$ cat query37.json   # JSON, C-alpha atoms and all ligand atoms
[["chain", "number", "residue", "atom", "x", "y", "z"],
["A", 364, "MET", "CA", 112.18, 93.94, 355.76],
["A", 365, "THR", "CA", 110.63, 93.95, 352.31],
["A", 366, "GLY", "CA", 110.20, 90.77, 350.28],
["A", 367, "PRO", "CA", 111.49, 90.03, 346.81],
["A", 368, "VAL", "CA", 110.48, 92.50, 344.14],
["A", 369, "THR", "CA", 108.40, 90.96, 341.38],
["A", 370, "HIS", "CA", 107.12, 92.54, 338.20],
["A", 371, "THR", "CA", 104.21, 91.17, 336.26],
["A", 372, "ALA", "CA", 104.69, 90.63, 332.52],
["A", 373, "LYS", "CA", 103.41, 93.54, 330.49],
["A", 374, "ALA", "CA", 100.17, 92.84, 328.69],
["A", 375, "THR", "CA", 100.67, 92.25, 324.99],
["A", 376, "ALA", "CA", 97.12, 92.96, 323.92],
["A", 377, "HIS", "CA", 98.25, 96.04, 321.98],
["A", 378, "ILE", "CA", 100.37, 93.83, 319.71],
["A", 379, "ARG", "CA", 97.52, 91.46, 318.95],
["A", 380, "SER", "CA", 95.17, 94.36, 318.30],
["A", 381, "GLY", "CA", 97.66, 95.95, 315.91],
["A", 382, "MET", "CA", 98.00, 99.02, 318.10],
["A", 383, "CYS", "CA", 101.36, 100.27, 319.18],
["A", 384, "CYS", "CA", 102.31, 101.48, 322.55],
["A", 385, "LEU", "CA", 103.92, 104.85, 321.95],
["A", 386, "VAL", "CA", 102.76, 107.45, 324.40],
["A", 387, "LYS", "CA", 102.66, 111.21, 323.94],
["A", 388, "GLY", "CA", 105.44, 112.91, 325.88],
["A", 389, "GLN", "CA", 107.36, 109.65, 326.24],
["A", 390, "VAL", "CA", 110.54, 108.39, 324.58],
["A", 391, "ALA", "CA", 110.71, 104.85, 323.17],
["A", 392, "PHE", "CA", 114.29, 103.60, 322.75],
["A", 393, "ALA", "CA", 114.14, 101.04, 319.98],
["A", 394, "GLY", "CA", 116.51, 98.73, 318.13],
["A", 395, "SER", "CA", 116.26, 98.77, 314.34],
["A", 396, "GLY", "CA", 118.26, 95.55, 313.97],
["A", 397, "PRO", "CA", 121.29, 95.09, 311.69],
["A", 398, "GLY", "CA", 119.79, 96.57, 308.53],
["A", 399, "ASP", "CA", 117.52, 94.03, 306.86],
["A", 400, "PRO", "CA", 113.97, 95.38, 307.35],
["A", 401, "ASP", "CA", 112.73, 91.80, 307.71],
["A", 402, "LEU", "CA", 114.74, 91.62, 310.92],
["A", 403, "LEU", "CA", 112.81, 94.47, 312.48],
["A", 404, "THR", "CA", 110.53, 93.37, 315.31],
["A", 405, "VAL", "CA", 106.80, 93.78, 314.76],
["A", 406, "LYS", "CA", 106.74, 96.12, 317.72],
["A", 407, "VAL", "CA", 109.39, 98.46, 316.34],
["A", 408, "ALA", "CA", 107.78, 98.40, 312.89],
["A", 409, "ARG", "CA", 104.55, 99.58, 314.52],
["A", 410, "ALA", "CA", 106.38, 102.20, 316.52],
["A", 411, "LEU", "CA", 107.87, 103.55, 313.26],
["A", 412, "GLN", "CA", 104.36, 103.90, 311.85],
["A", 413, "GLU", "CA", 103.12, 105.73, 314.90],
["A", 414, "ALA", "CA", 106.02, 107.96, 315.94],
["A", 415, "GLU", "CA", 105.76, 111.73, 315.58],
["A", 416, "VAL", "CA", 109.49, 112.33, 315.94],
["A", 417, "ILE", "CA", 112.21, 109.81, 315.06],
["A", 418, "LEU", "CA", 115.78, 110.53, 316.14],
["A", 419, "PHE", "CA", 117.93, 107.99, 314.33],
["A", 420, "ASP", "CA", 121.56, 106.88, 314.32],
["A", 421, "ARG", "CA", 123.94, 106.59, 311.39],
["A", 422, "LEU", "CA", 123.64, 102.82, 310.95],
["A", 423, "VAL", "CA", 119.85, 102.73, 310.77],
["A", 424, "SER", "CA", 119.19, 101.64, 307.18],
["A", 425, "ALA", "CA", 117.25, 103.70, 304.63],
["A", 426, "GLU", "CA", 114.86, 100.79, 304.05],
["A", 427, "ILE", "CA", 113.88, 100.91, 307.70],
["A", 428, "LEU", "CA", 113.44, 104.68, 307.76],
["A", 429, "ALA", "CA", 111.17, 104.29, 304.74],
["A", 430, "LEU", "CA", 108.72, 102.49, 307.04],
["A", 431, "ALA", "CA", 108.14, 105.65, 309.11],
["A", 432, "GLY", "CA", 104.66, 107.15, 309.04],
["A", 433, "LYS", "CA", 104.06, 110.26, 306.91],
["A", 434, "GLN", "CA", 103.55, 112.40, 310.02],
["A", 435, "ALA", "CA", 106.99, 111.62, 311.38],
["A", 436, "LEU", "CA", 109.68, 114.26, 311.69],
["A", 437, "LEU", "CA", 112.96, 112.46, 310.99],
["A", 438, "GLU", "CA", 116.10, 113.78, 312.63],
["A", 439, "ASP", "CA", 119.50, 112.35, 311.75],
["A", 440, "VAL", "CA", 121.50, 112.60, 314.96],
["A", 441, "GLY", "CA", 124.32, 110.35, 313.84],
["A", 442, "LYS", "CA", 125.65, 112.23, 310.86],
["A", 443, "GLU", "CA", 129.19, 111.46, 309.86],
["A", 444, "GLY", "CA", 131.12, 112.41, 306.76],
["A", 445, "PHE", "CA", 129.57, 115.88, 306.61],
["A", 446, "GLY", "CA", 131.40, 117.09, 309.67],
["A", 447, "PRO", "CA", 131.44, 116.05, 313.29],
["A", 448, "SER", "CA", 128.54, 113.95, 314.54],
["A", 449, "MET", "CA", 126.09, 115.52, 316.94],
["A", 450, "SER", "CA", 127.27, 115.57, 320.55],
["A", 451, "GLN", "CA", 125.63, 113.28, 323.06],
["A", 452, "THR", "CA", 124.51, 116.32, 325.06],
["A", 453, "GLU", "CA", 122.73, 117.77, 322.05],
["A", 454, "ILE", "CA", 121.06, 114.46, 321.20],
["A", 455, "CYS", "CA", 119.76, 114.20, 324.77],
["A", 456, "ALA", "CA", 118.55, 117.82, 324.71],
["A", 457, "ARG", "CA", 116.64, 117.36, 321.42],
["A", 458, "MET", "CA", 115.08, 114.11, 322.54],
["A", 459, "VAL", "CA", 113.92, 115.58, 325.85],
["A", 460, "ALA", "CA", 112.63, 118.76, 324.16],
["A", 461, "HIS", "CA", 110.47, 116.77, 321.74],
["A", 462, "ALA", "CA", 109.06, 114.67, 324.57],
["A", 463, "GLN", "CA", 108.34, 117.74, 326.67],
["A", 464, "ALA", "CA", 106.52, 119.22, 323.68],
["A", 465, "GLY", "CA", 104.17, 116.24, 324.00],
["A", 466, "LYS", "CA", 105.36, 114.24, 320.98],
["A", 467, "LYS", "CA", 105.56, 110.48, 320.61],
["A", 468, "VAL", "CA", 109.33, 110.20, 320.34],
["A", 469, "LEU", "CA", 111.13, 107.20, 318.87],
["A", 470, "ARG", "CA", 114.87, 107.08, 319.55],
["A", 471, "LEU", "CA", 116.01, 104.58, 316.95],
["A", 472, "LYS", "CA", 119.38, 102.89, 317.32],
["A", 473, "SER", "CA", 120.95, 100.21, 315.16],
["A", 474, "GLY", "CA", 120.90, 96.61, 316.35],
["A", 475, "ASP", "CA", 119.79, 96.37, 319.94],
["A", 476, "PRO", "CA", 119.72, 99.64, 321.88],
["A", 477, "THR", "CA", 121.21, 98.00, 324.98],
["A", 478, "ILE", "CA", 124.43, 96.92, 323.25],
["A", 479, "PHE", "CA", 127.09, 99.58, 322.72],
["A", 480, "GLY", "CA", 124.32, 102.08, 322.14],
["A", 481, "ARG", "CA", 125.13, 104.76, 324.76],
["A", 482, "LEU", "CA", 121.66, 104.05, 326.09],
["A", 483, "ASP", "CA", 122.34, 104.87, 329.72],
["A", 484, "GLU", "CA", 123.30, 108.48, 329.04],
["A", 485, "GLU", "CA", 119.99, 108.98, 327.28],
["A", 486, "LEU", "CA", 117.96, 107.19, 329.94],
["A", 487, "THR", "CA", 119.58, 109.40, 332.56],
["A", 488, "ALA", "CA", 118.71, 112.50, 330.53],
["A", 489, "CYS", "CA", 115.06, 111.39, 330.46],
["A", 490, "GLU", "CA", 115.05, 110.67, 334.18],
["A", 491, "GLU", "CA", 116.60, 114.02, 335.02],
["A", 492, "ALA", "CA", 114.01, 115.80, 332.89],
["A", 493, "GLY", "CA", 111.11, 113.79, 334.33],
["A", 494, "VAL", "CA", 110.39, 112.20, 330.92],
["A", 495, "THR", "CA", 109.16, 108.61, 330.98],
["A", 496, "TYR", "CA", 110.55, 106.03, 328.57],
["A", 497, "GLN", "CA", 110.36, 102.45, 327.42],
["A", 498, "ILE", "CA", 112.89, 100.17, 325.70],
["A", 499, "MET", "CA", 112.14, 98.03, 322.65],
["A", 500, "PRO", "CA", 114.83, 95.43, 321.89],
["A", 501, "GLY", "CA", 116.26, 94.73, 318.45],
["A", 502, "ILE", "CA", 118.41, 92.07, 316.82],
["A", 503, "THR", "CA", 122.03, 92.87, 317.52],
["A", 504, "ALA", "CA", 124.73, 92.79, 314.82],
["A", 505, "ALA", "CA", 126.39, 89.73, 316.37],
["A", 506, "SER", "CA", 123.21, 87.67, 315.94],
["A", 507, "ALA", "CA", 122.86, 88.66, 312.29],
["A", 508, "ALA", "CA", 126.56, 88.19, 311.57],
["A", 509, "VAL", "CA", 126.80, 84.75, 313.13],
["A", 510, "ALA", "CA", 123.77, 83.65, 311.13],
["A", 511, "GLY", "CA", 125.58, 84.94, 308.06],
["A", 512, "ILE", "CA", 128.44, 82.50, 308.60],
["A", 513, "GLY", "CA", 126.20, 79.55, 309.45],
["A", 514, "GLN", "CA", 127.56, 79.34, 312.94],
["A", 515, "SER", "CA", 126.31, 79.31, 316.48],
["A", 516, "LEU", "CA", 127.54, 81.73, 319.14],
["A", 517, "THR", "CA", 127.76, 78.92, 321.68],
["A", 518, "GLN", "CA", 128.39, 75.23, 321.13],
["A", 519, "ARG", "CA", 128.40, 72.34, 323.54],
["A", 520, "GLY", "CA", 131.96, 71.22, 324.11],
["A", 521, "ARG", "CA", 133.46, 74.36, 322.55],
["A", 522, "ASN", "CA", 132.29, 77.42, 324.46],
["A", 523, "SER", "CA", 129.69, 77.78, 327.17],
["A", 524, "SER", "CA", 129.95, 81.55, 327.20],
["A", 525, "VAL", "CA", 130.36, 84.27, 324.63],
["A", 526, "ARG", "CA", 131.62, 87.81, 325.12],
["A", 527, "PHE", "CA", 130.46, 90.97, 323.41],
["A", 528, "LEU", "CA", 133.39, 93.39, 323.28],
["A", 529, "THR", "CA", 134.00, 96.81, 321.88],
["A", 530, "GLY", "CA", 137.22, 97.47, 319.97],
["A", 531, "HIS", "CA", 137.47, 100.95, 321.42],
["A", 532, "ASP", "CA", 135.92, 102.96, 324.20],
["A", 533, "MET", "CA", 136.07, 106.60, 325.25],
["A", 534, "LYS", "CA", 139.71, 106.26, 326.28],
["A", 535, "GLY", "CA", 140.96, 104.65, 323.05],
["A", 536, "PHE", "CA", 141.46, 100.95, 322.33],
["A", 537, "ALA", "CA", 139.45, 99.05, 324.91],
["A", 538, "ASP", "CA", 141.26, 96.88, 327.42],
["A", 539, "GLN", "CA", 139.85, 93.41, 328.00],
["A", 540, "ASP", "CA", 140.53, 90.25, 329.98],
["A", 541, "TRP", "CA", 143.12, 89.14, 327.41],
["A", 542, "THR", "CA", 144.21, 86.06, 329.40],
["A", 543, "ALA", "CA", 140.69, 84.67, 329.32],
["A", 544, "LEU", "CA", 140.14, 85.62, 325.69],
["A", 545, "ALA", "CA", 143.40, 83.95, 324.62],
["A", 546, "ARG", "CA", 142.24, 80.50, 325.78],
["A", 547, "PRO", "CA", 141.47, 78.00, 323.00],
["A", 548, "GLY", "CA", 137.76, 77.70, 322.28],
["A", 549, "GLU", "CA", 136.86, 81.21, 323.47],
["A", 550, "VAL", "CA", 134.38, 83.05, 321.30],
["A", 551, "ALA", "CA", 133.96, 86.82, 321.25],
["A", 552, "ALA", "CA", 131.95, 89.17, 319.09],
["A", 553, "ILE", "CA", 133.91, 92.39, 318.67],
["A", 554, "TYR", "CA", 131.95, 95.51, 317.78],
["A", 555, "MET", "CA", 133.78, 98.48, 316.26],
["A", 556, "GLY", "CA", 136.79, 96.22, 315.89],
["A", 557, "LYS", "CA", 138.31, 97.26, 312.55],
["A", 558, "LYS", "CA", 140.62, 100.03, 313.76],
["A", 559, "SER", "CA", 141.67, 98.03, 316.78],
["A", 560, "ALA", "CA", 142.45, 94.82, 314.85],
["A", 561, "ARG", "CA", 146.22, 95.13, 315.23],
["A", 562, "PHE", "CA", 145.94, 96.07, 318.90],
["A", 563, "VAL", "CA", 143.65, 93.10, 319.63],
["A", 564, "GLN", "CA", 145.94, 90.76, 317.69],
["A", 565, "GLY", "CA", 149.00, 91.96, 319.63],
["A", 566, "ARG", "CA", 147.35, 91.69, 323.06],
["A", 567, "LEU", "CA", 145.99, 88.20, 322.37],
["A", 568, "ILE", "CA", 149.24, 86.81, 321.05],
["A", 569, "MET", "CA", 151.09, 88.39, 323.99],
["A", 570, "HIS", "CA", 148.71, 86.52, 326.31],
["A", 571, "GLY", "CA", 149.31, 83.17, 324.62],
["A", 572, "ALA", "CA", 146.59, 82.93, 321.97],
["A", 573, "LEU", "CA", 147.40, 80.60, 319.08],
["A", 574, "ARG", "CA", 148.27, 82.46, 315.89],
["A", 575, "SER", "CA", 146.04, 79.99, 314.05],
["A", 576, "THR", "CA", 142.93, 81.05, 316.05],
["A", 577, "PRO", "CA", 140.12, 81.54, 313.55],
["A", 578, "VAL", "CA", 138.86, 85.08, 313.08],
["A", 579, "THR", "CA", 135.94, 86.03, 310.84],
["A", 580, "LEU", "CA", 134.68, 89.49, 309.95],
["A", 581, "VAL", "CA", 131.19, 90.09, 308.63],
["A", 582, "GLU", "CA", 130.68, 93.44, 306.98],
["A", 583, "ASN", "CA", 127.13, 94.80, 306.47],
["A", 584, "ALA", "CA", 125.59, 91.74, 308.11],
["A", 585, "SER", "CA", 122.07, 90.97, 306.88],
["A", 586, "ARG", "CA", 122.30, 93.59, 304.11],
["A", 587, "PRO", "CA", 122.47, 92.84, 300.37],
["A", 588, "ASN", "CA", 126.13, 93.95, 300.34],
["A", 589, "GLN", "CA", 127.19, 91.61, 303.16],
["A", 590, "ARG", "CA", 130.78, 90.39, 302.86],
["A", 591, "ILE", "CA", 132.66, 87.79, 304.88],
["A", 592, "LEU", "CA", 136.36, 87.72, 305.53],
["A", 593, "GLU", "CA", 137.73, 84.44, 306.87],
["A", 594, "THR", "CA", 141.19, 84.74, 308.39],
["A", 595, "THR", "CA", 143.33, 83.84, 311.40],
["A", 596, "LEU", "CA", 144.64, 85.90, 314.29],
["A", 597, "ASP", "CA", 148.07, 85.83, 312.65],
["A", 598, "ARG", "CA", 146.85, 87.38, 309.41],
["A", 599, "LEU", "CA", 144.06, 89.57, 310.74],
["A", 600, "PRO", "CA", 145.48, 93.09, 310.17],
["A", 601, "THR", "CA", 146.98, 92.18, 306.77],
["A", 602, "ASP", "CA", 143.88, 90.48, 305.44],
["A", 603, "LEU", "CA", 141.61, 93.19, 306.77],
["A", 604, "ALA", "CA", 143.64, 95.90, 305.06],
["A", 605, "GLU", "CA", 143.56, 93.91, 301.83],
["A", 606, "ALA", "CA", 139.80, 93.36, 302.03],
["A", 607, "GLY", "CA", 139.21, 97.13, 302.28],
["A", 608, "PHE", "CA", 136.04, 96.91, 304.34],
["A", 609, "ASP", "CA", 134.42, 100.33, 304.58],
["A", 610, "GLY", "CA", 131.04, 99.36, 306.08],
["A", 611, "PRO", "CA", 130.17, 98.37, 309.64],
["A", 612, "ALA", "CA", 131.80, 95.06, 310.50],
["A", 613, "LEU", "CA", 131.53, 92.56, 313.29],
["A", 614, "THR", "CA", 134.67, 90.59, 314.17],
["A", 615, "PHE", "CA", 134.35, 87.08, 315.55],
["A", 616, "LEU", "CA", 137.26, 85.79, 317.53],
["A", 617, "GLY", "CA", 137.30, 81.98, 317.66],
["A", 618, "LEU", "CA", 134.79, 81.35, 314.87],
["A", 619, "ALA", "CA", 135.28, 80.41, 311.22],
["A", 620, "PRO", "CA", 132.41, 80.18, 308.75],
["A", 621, "ARG", "CA", 130.81, 76.77, 308.85],
["A", 622, "GLN", "CA", 132.66, 74.42, 306.47],
["A", 623, "SER", "CA", 129.70, 73.83, 304.21],
["A", 624, "MET", "CA", 129.27, 77.60, 303.75],
["A", 625, "ALA", "CA", 132.05, 77.75, 301.19],
["A", 626, "ALA", "CA", 130.16, 75.40, 298.93],
["A", 627, "LEU", "CA", 126.89, 77.22, 299.44],
["A", 628, "THR", "CA", 127.95, 80.80, 298.93],
["A", 629, "ASP", "CA", 130.35, 82.80, 296.86],
["A", 630, "LEU", "CA", 130.56, 85.52, 299.51],
["A", 631, "ASN", "CA", 133.41, 83.82, 301.30],
["A", 632, "MET", "CA", 136.68, 85.68, 300.70],
["A", 633, "GLU", "CA", 139.61, 83.36, 301.19],
["A", 634, "LEU", "CA", 142.52, 85.72, 301.62],
["A", 635, "ALA", "CA", 144.63, 83.61, 303.96],
["B", 701, "LIG", "C1", 127.87, 101.69, 318.01],
["B", 701, "LIG", "S1", 127.87, 99.97, 317.70],
["B", 701, "LIG", "C2", 126.14, 99.68, 317.76],
["B", 701, "LIG", "C3", 125.80, 98.23, 317.94],
["B", 701, "LIG", "C4", 124.30, 97.97, 317.90],
["B", 701, "LIG", "N1", 123.63, 98.59, 319.03],
["B", 701, "LIG", "C5", 123.98, 96.50, 317.82],
["B", 701, "LIG", "O1", 123.38, 95.96, 318.78],
["B", 701, "LIG", "O2", 124.28, 95.88, 316.80],
["B", 701, "LIG", "C6", 128.24, 99.94, 315.98],
["B", 701, "LIG", "C7", 128.99, 98.68, 315.58],
["B", 701, "LIG", "O3", 128.09, 97.59, 315.49],
["B", 701, "LIG", "C8", 128.51, 96.72, 314.47],
["B", 701, "LIG", "N2", 127.47, 96.65, 313.45],
["B", 701, "LIG", "C9", 126.31, 97.33, 313.42],
["B", 701, "LIG", "N3", 125.56, 96.97, 312.35],
["B", 701, "LIG", "C10", 126.27, 96.03, 311.70],
["B", 701, "LIG", "C11", 126.05, 95.25, 310.52],
["B", 701, "LIG", "N4", 124.93, 95.35, 309.82],
["B", 701, "LIG", "N5", 127.02, 94.38, 310.16],
["B", 701, "LIG", "C12", 128.15, 94.24, 310.87],
["B", 701, "LIG", "N6", 128.41, 94.95, 311.98],
["B", 701, "LIG", "C13", 127.49, 95.82, 312.40],
["B", 701, "LIG", "C14", 129.81, 97.29, 313.90],
["B", 701, "LIG", "O4", 130.89, 96.72, 314.61],
["B", 701, "LIG", "C15", 129.64, 98.75, 314.23],
["B", 701, "LIG", "O5", 130.88, 99.42, 314.25]]
$ encode --input "query37.json" --output "structure tokens"
Amino acid sequence: MTGPVTHTAKATAHIRSGMCCLVKGQVAFAGSGPGDPDLLTVKVARALQEAEVILFDRLVSAEILALAGKQALLEDVGKEGFGPSMSQTEICARMVAHAQAGKKVLRLKSGDPTIFGRLDEELTACEEAGVTYQIMPGITAASAAVAGIGQSLTQRGRNSSVRFLTGHDMKGFADQDWTALARPGEVAAIYMGKKSARFVQGRLIMHGALRSTPVTLVENASRPNQRILETTLDRLPTDLAEAGFDGPALTFLGLAPRQSMAALTDLNMELA
């Protein structure tokens, strides 16, 4: 019988020396954070400087792409608005082809690549093609958005766990453990939750959630055009329609902006 598997921590000398760790013929999956370039990790900023090919998603901000080295070939694989976005199969094929051509490939995703980033499909494509890879974390939208409302994702006495949900999955609106989510004090960060707002509201109320449950949406978290919508479960679809959010938005179930925020900022939209 074999013993427990242990892995030693990776040496971080390359960070101290200012060198990056991109390797020719390898793919680095990296998180670009929520948009503010100051929220990029030092490691990903260095990878941007060093990459020879950067395949980036739609929500990666222009300010972050501007940090790419001059040698980098930038490929937008998340186009929307000019026709259908590139298929996952094609993204995987391009990424693998660049790696097999011996390039230092950076696959740049918004936020953290491990959260609603379709990372596994791309890891599998690398594995099947015999291409090695590494993963560089980033700050996820929920972390930036909760900072934007002066709140904490967990709080002693309120919630000892927090859920990250998607509003929709490949089959349509995503089903969740509505009974658990409907309990007072629950906190959830809902990604891609704008279109599913009415569905989520209906399911939660059906499972006993209070209509007065606080709900807050943060659009363009961490960006100069960040907007905050403070509402309740009862008014969520109405207020959201009225607010006319057209940027990426994170929905918090069970959280309102911190009280003192209203006095500190004029971003707070009181529509309720
Ligand atoms: C495909 S998911 C990618 C999530 C990303 N991997 C992350 O960790 O943040 C896209 C969704 O993330 C959320 N999102 C991403 N960037 C955001 C931002 N700056 N502000 C608010 N929500 C954001 C939105 O809900 C958006 O529809």
$ closest_residue --input "query37.json" --among "A:Val368, A:Ser395, A:Ala543, A:Ala560" --to "Asp475 of chain A" --atoms "all atoms listed in the file"
A:Ser395
$ residues_near_ligand --input "query37.json" --ligand "ligand LIG 701 (chain B)" --cutoff "9 Å" --atoms "all atoms listed in the file" --output "MDAnalysis selection string"
chainID A and resid 394:399 420 422:424 472:481 501:508 529:530 552:557 580:586 589 610:614
$ residues_around --input "query37.json" --residues "Gln412 of chain A" --least-positions-apart "6" --cutoff "9 Å" --atoms "all atoms listed in the file" --output "JSON, numbers by chain"
{"A": [383, 430, 431, 432, 433, 434, 435]}
$ residues_around --input "query37.json" --residues "segment 491-499 of chain A" --least-positions-apart "4" --cutoff "8 Å" --atoms "only C-alpha atoms" --output "MDAnalysis selection string"
chainID A and resid 388:394 406:407 459 462:463 476 486:487
$ closest_residue --input "query37.json" --among "A:Leu482, A:Leu516, A:Leu573, A:Ile568" --to "Arg470 of chain A" --atoms "only C-alpha atoms"
A:Leu482
$ closest_residue --input "query37.json" --among "A:Gly548, A:Gly520, A:Gly617, A:Gly511" --to "Asn588 of chain A" --atoms "all atoms listed in the file"
A:Gly511
$ closest_residue --input "query37.json" --among "A:Phe419, A:Asp609, A:Thr579, A:Val525" --to "Gly513 of chain A" --atoms "only C-alpha atoms"
A:Thr579
$ closest_residue --input "query37.json" --among "A:Leu567, A:Leu411, A:Val440, A:Leu592" --to "Ile427 of chain A" --atoms "all atoms listed in the file"
A:Leu411
$ axis_aligned_box --input "query37.json" --around "segment 381-398 of chain A" --padding-each-side "3 Å" --output "AutoDock Vina command-line options"
--center_x 109.5 --center_y 104.0 --center_z 317.4 --size_x 29.6 --size_y 23.8 --size_z 23.7
$ atom_distance --input "query37.json" --atom1 "atom CA of Cys455 of chain A" --atom2 "atom CA of Arg526 of chain A"
28.9 Å
$ closest_residue --input "query37.json" --among "A:Leu385, A:Leu428, A:Ala488, A:Ala510" --to "Lys467 of chain A" --atoms "all atoms listed in the file"
A:Leu385
$ atom_distance --input "query37.json" --atom1 "atom CA of Ala414 of chain A" --atom2 "atom CA of Glu490 of chain A"
20.5 Å
$ residues_near_point --input "query37.json" --point "(141.8, 90.9, 304.7)" --cutoff "12 Å" --atoms "only C-alpha atoms" --output "VMD selection string"
chain A and resid 557 560 578 to 582 590 to 609 614 631 to 635
$ write_last_selection --input "query37.json" --atoms "C-alpha atoms" --output "short mmCIF file (atom, residue, chain, number, x, y, z; two decimals), in the coordinates of the input"
data_model
loop_
_atom_site.label_atom_id
_atom_site.label_comp_id
_atom_site.auth_asym_id
_atom_site.auth_seq_id
_atom_site.Cartn_x
_atom_site.Cartn_y
_atom_site.Cartn_z
CA LYS A 557 138.31 97.26 312.55
CA ALA A 560 142.45 94.82 314.85
CA VAL A 578 138.86 85.08 313.08
CA THR A 579 135.94 86.03 310.84
CA LEU A 580 134.68 89.49 309.95
CA VAL A 581 131.19 90.09 308.63
CA GLU A 582 130.68 93.44 306.98
CA ARG A 590 130.78 90.39 302.86
CA ILE A 591 132.66 87.79 304.88
CA LEU A 592 136.36 87.72 305.53
CA GLU A 593 137.73 84.44 306.87
CA THR A 594 141.19 84.74 308.39
CA THR A 595 143.33 83.84 311.40
CA LEU A 596 144.64 85.90 314.29
CA ASP A 597 148.07 85.83 312.65
CA ARG A 598 146.85 87.38 309.41
CA LEU A 599 144.06 89.57 310.74
CA PRO A 600 145.48 93.09 310.17
CA THR A 601 146.98 92.18 306.77
CA ASP A 602 143.88 90.48 305.44
CA LEU A 603 141.61 93.19 306.77
CA ALA A 604 143.64 95.90 305.06
CA GLU A 605 143.56 93.91 301.83
CA ALA A 606 139.80 93.36 302.03
CA GLY A 607 139.21 97.13 302.28
CA PHE A 608 136.04 96.91 304.34
CA ASP A 609 134.42 100.33 304.58
CA THR A 614 134.67 90.59 314.17
CA ASN A 631 133.41 83.82 301.30
CA MET A 632 136.68 85.68 300.70
CA GLU A 633 139.61 83.36 301.19
CA LEU A 634 142.52 85.72 301.62
CA ALA A 635 144.63 83.61 303.96
#
$ build_atoms --input "query37.json" --residues "segment 390-403 of chain A" --atoms "N, CA and C atoms" --output "mmCIF file, in the coordinates of the input"
data_model
loop_
_atom_site.group_PDB
_atom_site.id
_atom_site.type_symbol
_atom_site.label_atom_id
_atom_site.label_comp_id
_atom_site.auth_asym_id
_atom_site.auth_seq_id
_atom_site.Cartn_x
_atom_site.Cartn_y
_atom_site.Cartn_z
ATOM 1 N N VAL A 390 109.536 108.826 325.555
ATOM 2 C CA VAL A 390 110.540 108.390 324.580
ATOM 3 C C VAL A 390 110.568 106.861 324.548
ATOM 4 N N ALA A 391 110.524 106.301 323.333
ATOM 5 C CA ALA A 391 110.710 104.850 323.170
ATOM 6 C C ALA A 391 112.097 104.647 322.562
ATOM 7 N N PHE A 392 112.961 103.948 323.269
ATOM 8 C CA PHE A 392 114.290 103.600 322.750
ATOM 9 C C PHE A 392 114.139 102.268 322.039
ATOM 10 N N ALA A 393 114.418 102.253 320.743
ATOM 11 C CA ALA A 393 114.140 101.040 319.980
ATOM 12 C C ALA A 393 115.343 100.605 319.161
ATOM 13 N N GLY A 394 115.445 99.294 318.960
ATOM 14 C CA GLY A 394 116.510 98.730 318.130
ATOM 15 C C GLY A 394 115.974 98.472 316.732
ATOM 16 N N SER A 395 116.710 98.958 315.727
ATOM 17 C CA SER A 395 116.260 98.770 314.340
ATOM 18 C C SER A 395 116.851 97.513 313.724
ATOM 19 N N GLY A 396 117.629 96.744 314.510
ATOM 20 C CA GLY A 396 118.260 95.550 313.970
ATOM 21 C C GLY A 396 119.457 95.905 313.098
ATOM 22 N N PRO A 397 120.031 94.888 312.425
ATOM 23 C CA PRO A 397 121.290 95.090 311.690
ATOM 24 C C PRO A 397 121.143 95.713 310.311
ATOM 25 N N GLY A 398 119.939 95.913 309.837
ATOM 26 C CA GLY A 398 119.790 96.570 308.530
ATOM 27 C C GLY A 398 118.682 95.993 307.680
ATOM 28 N N ASP A 399 118.583 94.673 307.642
ATOM 29 C CA ASP A 399 117.520 94.030 306.860
ATOM 30 C C ASP A 399 116.167 94.365 307.493
ATOM 31 N N PRO A 400 115.261 95.016 306.746
ATOM 32 C CA PRO A 400 113.970 95.380 307.350
ATOM 33 C C PRO A 400 113.191 94.166 307.842
ATOM 34 N N ASP A 401 113.433 92.996 307.251
ATOM 35 C CA ASP A 401 112.730 91.800 307.710
ATOM 36 C C ASP A 401 113.181 91.382 309.111
ATOM 37 N N LEU A 402 114.284 91.945 309.571
ATOM 38 C CA LEU A 402 114.740 91.620 310.920
ATOM 39 C C LEU A 402 114.280 92.634 311.955
ATOM 40 N N LEU A 403 113.401 93.509 311.549
ATOM 41 C CA LEU A 403 112.810 94.470 312.480
ATOM 42 C C LEU A 403 111.747 93.715 313.295
#
